[in-house]
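Trainee: Before anything else, here's the structure in question.
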Amino acid sequence: MRTLNRRFRRVDRPTDVLSFPSFEASESRAAARRGEFLGDLVIDVPCAARQARRRGHALGRELQILLAHGLLHLLGYDHETDGGSMFRLQRRILLSAFGEGPDGVP
């Protein structure tokens with residue numbers, strides 16, 4: 001994962017999830033409505049397991065969180081520039097798609 005992050009984002013450290021969109025951010029939501037392939041997600045499961053332990057919830061829940069997070073990036077959202085709207089939407093997606101986690105993690 002570190003190699004992918006360095007190669008594609010020029011960040012020389014591992015990360016938990018990477019998104020490789022098929023469309024520019026401005027086109028991705030329209031493509032999703034058309035049912036088109038949005039791109040690829042890569043989740044680092046060992047990293048997710050460590051994060052889950054640190055955060056006190058199950059690996060399955062962490063994978064759900066990373067899936068929702070990566071999907072939002074495929075749809076053109078960027079939490080580094082949006083003032084928190086991506087994380088609010090991520091929370092709603094998690095609750096809607098998976099329900100509240102057994103440990104209360106939304």
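In the structure tokens, chains take letters A, B, ... by order of appearance, with residues numbered from 1 within each chain and ligands from 1 in the order shown.
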Skip A:Gly101 itself and residues of its chain fewer than 6 positions away, then list as number ranges by chain all residues within 9 Å of it, counting only C-alpha atoms.
Mentor: A: 57-58, 61, 94-95
Trainee: The selected residues should be written to file as a compact mmCIF listing (two decimals), in the first residue's frame (atoms: all heavy atoms).
Mentor:
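File written: selection19.txt
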# COMPACT_ATOMS: atom_id res chain seq x y z
N HIS A 57 -13.27 -1.19 17.78
CA HIS A 57 -14.39 -1.86 17.13
C HIS A 57 -13.88 -3.00 16.24
O HIS A 57 -12.69 -3.19 16.08
CB HIS A 57 -15.31 -0.89 16.38
CG HIS A 57 -14.62 -0.05 15.34
ND1 HIS A 57 -14.37 1.28 15.52
CD2 HIS A 57 -14.14 -0.36 14.12
CE1 HIS A 57 -13.76 1.77 14.44
NE2 HIS A 57 -13.61 0.79 13.57
N ALA A 58 -14.81 -3.73 15.69
CA ALA A 58 -14.48 -4.93 14.92
C ALA A 58 -13.87 -4.57 13.56
O ALA A 58 -14.15 -3.51 12.99
CB ALA A 58 -15.74 -5.76 14.69
N ARG A 61 -16.44 -3.75 10.87
CA ARG A 61 -16.94 -2.38 10.89
C ARG A 61 -15.93 -1.43 10.25
O ARG A 61 -16.30 -0.53 9.50
CB ARG A 61 -17.28 -1.95 12.31
CG ARG A 61 -18.00 -0.62 12.37
CD ARG A 61 -19.23 -0.62 11.48
NE ARG A 61 -20.11 0.49 11.77
CZ ARG A 61 -21.33 0.60 11.28
NH1 ARG A 61 -21.82 -0.34 10.51
NH2 ARG A 61 -22.07 1.64 11.56
N LEU A 94 -23.10 4.89 6.20
CA LEU A 94 -22.86 3.76 7.10
C LEU A 94 -24.12 3.35 7.83
O LEU A 94 -24.45 2.17 7.93
CB LEU A 94 -21.76 4.10 8.11
CG LEU A 94 -20.34 4.10 7.56
CD1 LEU A 94 -19.40 4.75 8.55
CD2 LEU A 94 -19.91 2.70 7.22
N LEU A 95 -24.83 4.33 8.37
CA LEU A 95 -26.05 4.02 9.11
C LEU A 95 -27.11 3.43 8.19
O LEU A 95 -27.80 2.48 8.56
CB LEU A 95 -26.57 5.26 9.82
CG LEU A 95 -25.72 5.73 11.00
CD1 LEU A 95 -26.20 7.08 11.51
CD2 LEU A 95 -25.73 4.70 12.12
Trainee: Residues at most 12 Å from A:Ala97, counting only C-alpha atoms, excluding those fewer than 6 positions away in the same chain, as a list of chain:residue names?
Mentor: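 Near neighbours after the sequence-gap exclusion: A:Arg61, A:Gln64, A:Ile65, A:Leu67, A:Ala68, A:Leu89, A:Gln90, A:Arg91, A:Pro106.
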Trainee: Please produce a file of the residues just selected, as a tab-separated table (two decimals), in the first residue's frame, where the atoms kept are C-alpha atoms.
Mentor:
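Ended up saving to result.tsv:
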chain	number	residue	atom	x	y	z
A	61	ARG	CA	-16.94	-2.38	10.89
A	64	GLN	CA	-17.42	-0.92	6.13
A	65	ILE	CA	-16.10	2.52	7.09
A	67	LEU	CA	-15.59	1.04	1.84
A	68	ALA	CA	-17.94	3.99	2.35
A	89	LEU	CA	-22.32	11.88	4.28
A	90	GLN	CA	-20.09	8.91	5.15
A	91	ARG	CA	-21.84	8.63	8.52
A	106	PRO	CA	-22.00	4.80	13.23
Trainee: Write out as a list in words which residues come within 10 Å of A:Ser22 when counting only C-alpha atoms, dropping same-chain ones fewer than 3 positions away.
Mentor: Ser19, Ala25, Glu27, Ser28, Ala31, Glu36, Phe37, Leu38, Gly39, Asp40, Leu74 and Leu75 of chain A
Trainee: Using DSSP on the backbone, list every residue of chain A that comes out as helix (DSSP H, G or I), and give them as number ranges by chain.
Mentor: A: 2-9, 25-33, 45-55, 59-74, 85-98
Trainee: For each of A:Val17, A:Ala48, A:Leu59, A:Leu72, take the minimum atom-to-atom distance to A:Arg29, counting only C-alpha atoms, then give the residue where this is smallest.
Mentor: A:Leu72
Trainee: Using only C-alpha atoms, determine which residues lie at most 10 Å from stretch 2-9 of chain A, disregarding the query and same-chain residues fewer than 3 positions distant; provide the list as a ChimeraX atom specification.
Mentor: /A:12-18,20,42,44
Trainee: Go ahead and save the residues from that selection, with C-alpha atoms, as a short mmCIF file (atom, residue, chain, number, x, y, z; two decimals), in the first residue's frame.
Mentor:
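The resulting file, again_34.cif, is reproduced below:
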data_model
loop_
_atom_site.label_atom_id
_atom_site.label_comp_id
_atom_site.auth_asym_id
_atom_site.auth_seq_id
_atom_site.Cartn_x
_atom_site.Cartn_y
_atom_site.Cartn_z
CA ASP A 12 5.62 8.05 1.05
CA ARG A 13 3.69 6.23 3.77
CA PRO A 14 1.07 3.50 3.93
CA THR A 15 -2.60 4.37 4.02
CA ASP A 16 -5.81 2.51 4.79
CA VAL A 17 -7.71 2.98 1.53
CA LEU A 18 -6.95 4.30 -1.93
CA PHE A 20 -8.70 5.17 -8.33
CA VAL A 42 -7.74 -0.78 -2.56
CA ASP A 44 -5.14 -2.39 3.28
#
